[in-house]
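Student: Dropping in model11.cif, which is mmCIF, C-alpha atoms:
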data_input
#
loop_
_atom_site.label_atom_id
_atom_site.label_comp_id
_atom_site.auth_asym_id
_atom_site.auth_seq_id
_atom_site.Cartn_x
_atom_site.Cartn_y
_atom_site.Cartn_z
CA MET L 1 93.96 108.53 66.55
CA ASP L 2 95.90 110.88 64.38
CA ASP L 3 99.17 109.42 63.10
CA VAL L 4 100.59 112.79 62.06
CA LYS L 5 103.26 114.27 64.27
CA PRO L 6 101.85 117.29 66.17
CA THR L 7 103.09 120.68 65.04
CA LYS L 8 103.36 123.75 67.19
CA GLU L 9 101.05 126.47 65.91
CA HIS L 10 102.49 129.33 67.98
CA LYS L 11 106.27 129.30 68.17
CA THR L 12 106.66 132.52 70.17
CA LEU L 13 104.81 134.30 72.95
CA LEU L 14 103.94 137.11 70.54
CA GLU L 15 102.31 134.68 68.08
CA TYR L 16 100.41 133.04 70.95
CA VAL L 17 99.09 136.36 72.27
CA ARG L 18 98.10 137.54 68.78
CA ALA L 19 96.17 134.31 68.18
CA ASN L 20 94.36 134.38 71.53
CA ALA L 21 93.70 138.06 72.16
CA GLY L 22 92.39 139.27 68.82
CA TYR L 23 94.12 141.64 66.47
CA ARG L 24 95.81 144.55 68.18
CA PRO L 25 98.52 146.40 66.26
CA ASN L 26 100.48 147.30 69.40
CA ILE L 27 100.79 143.88 71.06
CA ALA L 28 104.59 143.82 70.72
CA GLU L 29 104.82 147.24 72.42
CA MET L 30 102.48 146.09 75.20
CA LEU L 31 104.59 142.99 75.83
CA ALA L 32 107.74 145.11 75.90
CA GLU L 33 106.10 147.16 78.70
CA ASN L 34 105.35 143.93 80.64
CA LYS L 35 101.66 144.19 79.81
CA GLY L 36 99.42 142.30 77.43
CA PRO L 37 95.91 142.67 76.05
CA CYS L 38 93.15 141.24 78.22
CA PRO L 39 91.80 138.03 76.64
CA ASP L 40 88.32 138.52 78.13
CA CYS L 41 87.62 141.93 76.58
CA TRP L 42 90.18 141.60 73.74
CA GLY L 43 92.00 144.68 75.00
CA ARG L 44 88.96 146.96 74.84
CA GLY L 45 88.39 147.28 78.60
CA ARG L 46 84.64 146.70 78.35
CA VAL L 47 82.49 143.57 78.15
CA VAL L 48 78.79 142.92 77.67
CA ALA L 49 76.92 143.17 80.96
CA PRO L 50 76.05 139.72 82.38
CA TYR L 51 72.33 140.55 82.61
CA GLU L 52 72.09 141.29 78.86
CA ARG L 53 70.55 138.83 76.43
CA ALA L 54 71.26 138.75 72.72
CA CYS L 55 68.63 140.29 70.45
CA PRO L 56 67.62 137.79 67.75
CA ILE L 57 68.18 140.45 65.08
CA GLU L 58 70.86 142.81 66.38
CA GLY L 59 72.80 140.47 68.66
CA TYR L 60 74.68 142.38 71.38
CA LYS L 61 74.96 145.58 69.35
CA MET L 62 72.87 147.71 71.71
CA ALA L 63 73.70 145.80 74.91
CA ASP L 64 75.01 147.57 77.98
CA ARG L 65 78.72 147.33 78.57
CA ILE L 66 80.56 147.23 81.88
CA ALA L 67 84.22 147.49 82.84
CA CYS L 68 85.96 144.16 82.28
CA PRO L 69 86.31 142.38 85.64
CA LYS L 70 89.61 140.77 84.69
CA CYS L 71 91.49 143.95 83.75
CA ASN L 72 89.30 146.46 85.66
CA GLY L 73 88.54 148.35 82.44
CA ASP L 74 92.18 148.96 81.53
CA GLY L 75 92.25 146.50 78.61
CA ARG L 76 95.65 145.24 79.76
CA ILE L 77 96.81 142.48 82.06
CA PRO L 78 100.29 141.71 83.40
CA LYS L 79 102.56 139.93 80.94
CA LYS L 80 103.19 137.19 83.49
CA GLU L 81 99.63 135.91 83.01
CA TRP L 82 100.28 135.48 79.29
CA VAL L 83 103.62 133.81 80.05
CA GLU L 84 101.91 131.32 82.40
CA SER L 85 99.26 130.59 79.78
CA TYR L 86 101.97 130.08 77.14
CA LYS L 87 103.84 127.70 79.46
CA LYS L 88 100.66 125.62 79.83
CA TYR L 89 100.28 125.63 76.04
CA ASN L 90 103.89 124.40 75.65
CA ALA L 91 103.41 121.70 78.29
CA ALA L 92 100.27 120.45 76.53
CA PHE L 93 102.15 120.42 73.22
CA LYS L 94 105.03 118.43 74.73
CA GLU L 95 102.53 115.94 76.14
CA ARG L 96 100.91 115.52 72.70
CA VAL L 97 104.34 114.94 71.14
CA SER L 98 105.31 112.35 73.76
CA GLN L 99 102.00 110.50 73.25
CA TRP L 100 102.61 110.54 69.50
CA GLN L 101 106.15 109.20 70.02
CA GLU L 102 104.82 106.36 72.18
CA ARG L 103 102.23 105.42 69.54
CA GLU L 104 104.83 105.64 66.78
CA THR L 105 107.27 103.45 68.71
CA ARG L 106 104.56 100.86 69.34
CA ARG L 107 103.50 100.94 65.68
CA ARG L 108 107.08 100.36 64.53
CA GLU L 109 107.55 97.53 67.02
CA LEU L 110 104.41 95.82 65.71
CA ILE L 111 105.47 96.22 62.09
CA GLU L 112 108.93 94.81 62.82
CA SER L 113 107.51 91.87 64.74
CA VAL L 114 105.13 90.92 61.91
CA GLY L 115 107.39 91.81 59.00
CA TYR L 116 107.14 94.48 56.37
CA ASP L 117 106.07 92.09 53.59
CA ILE L 118 103.01 90.93 55.57
CA VAL L 119 102.09 94.52 56.42
CA GLU L 120 102.27 95.45 52.72
CA GLU L 121 100.01 92.51 51.86
CA ILE L 122 97.47 93.60 54.48
CA ILE L 123 97.55 97.16 53.18
CA ASN L 124 97.03 95.95 49.61
CA LEU L 125 94.03 93.86 50.70
CA TRP L 126 92.33 96.97 52.06
CA ARG L 127 92.82 99.01 48.88
#
Please render this file's structure as structure tokens.
Tutor:
Amino acid sequence: MDDVKPTKEHKTLLEYVRANAGYRPNIAEMLAENKGPCPDCWGRGRVVAPYERACPIEGYKMADRIACPKCNGDGRIPKKEWVESYKKYNAAFKERVSQWQERETRRRELIESVGYDIVEEIINLWR
């Protein structure tokens, strides 16, 4: 278990979209228009065809591309999908923080019940 308090990596929707949809210089403009880049095709509108296999040398460089099924080749999805995803991200973060708080409370209760001097002695024995 990690004893460090969780920190929120993406504090705004814009930061979250930028981190999860690849670099697009116009993400802020897209969000202002109630659109956002498609996370499946990274805003390009095309994905590698499902029947393609990666070449061991070239990878997917010469693979056939098809219109992205999520955005229908537009490269954009409604902003509300990003907002829902960001809400799930925030809920998961709040859950991690509450779990950390519970562990921290329990740790402090144990230290207080045993006494700080005994805890220091135990720590020194392990050094």
Student: Skip segment 95-102 of chain L itself and residues of its chain fewer than 6 positions away, then list as a ChimeraX atom specification all residues within 9 Å of it, counting only C-alpha atoms.
Tutor: /L:2-7
Student: Once the PyMOL selection byres ((chain L and resi 21-26) around 8) has been evaluated on this model, what residues remain selected, and can you format them as a ChimeraX atom specification?
Tutor: /L:17-20,27-30,37-39,42-43
Student: Keeping C-alpha atoms, export the residues of the selection given above as a PDB file, in the coordinates of the input.
Tutor:
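part-v8.pdb was written with the following content:
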ATOM      1  CA  VAL L  17      99.090 136.360  72.270  1.00  0.00           C
ATOM      2  CA  ARG L  18      98.100 137.540  68.780  1.00  0.00           C
ATOM      3  CA  ALA L  19      96.170 134.310  68.180  1.00  0.00           C
ATOM      4  CA  ASN L  20      94.360 134.380  71.530  1.00  0.00           C
ATOM      5  CA  ILE L  27     100.790 143.880  71.060  1.00  0.00           C
ATOM      6  CA  ALA L  28     104.590 143.820  70.720  1.00  0.00           C
ATOM      7  CA  GLU L  29     104.820 147.240  72.420  1.00  0.00           C
ATOM      8  CA  MET L  30     102.480 146.090  75.200  1.00  0.00           C
ATOM      9  CA  PRO L  37      95.910 142.670  76.050  1.00  0.00           C
ATOM     10  CA  CYS L  38      93.150 141.240  78.220  1.00  0.00           C
ATOM     11  CA  PRO L  39      91.800 138.030  76.640  1.00  0.00           C
ATOM     12  CA  TRP L  42      90.180 141.600  73.740  1.00  0.00           C
ATOM     13  CA  GLY L  43      92.000 144.680  75.000  1.00  0.00           C
TER      14      GLY L  43
END
Student: Excluding same-chain residues fewer than 5 positions from Ile66 of chain L, what lies within 10 Å of it counting all atoms listed in the file, as a PyMOL selection string?
Tutor: chain L and resi 45-50+72-73
Student: Do you have the atom CA of Ala91 of chain L-atom CA of Arg76 of chain L distance handy?
Tutor: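 We find that atom CA of Ala91 of chain L and atom CA of Arg76 of chain L lie 24.8 Å from each other.
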Student: Taking (101.5, 126.3, 67.3) in the file's coordinates as the center, which residues reach within 12 Å of it, counting only C-alpha atoms, put as a ChimeraX atom specification?
Tutor: /L:6-20,86,89-90,92-94
Student: Take the PyMOL selection byres ((chain L and resi 34) around 9), apply it to the structure above, and return the hits as a ChimeraX atom specification.
Tutor: /L:29-33,35-36,77-80
Student: Looking at only C-alpha atoms, which of L:Arg106, L:Ile111, L:Ser85, L:Cys68 is the one that sits closest to Asp40 of chain L?
Tutor: L:Cys68
Student: Report, in Å with one decimal, the straight-line distance from atom CA of Cys41 of chain L to atom CA of Met62 of chain L.
Tutor: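 Straight-line distance from atom CA of Cys41 of chain L to atom CA of Met62 of chain L works out to 16.6 Å.
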Student: Measure the distance from atom CA of Arg103 of chain L to atom CA of Glu84 of chain L in Å and round it to one decimal.
Tutor: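 Between atom CA of Arg103 of chain L and atom CA of Glu84 of chain L the gap works out to 28.9 Å.
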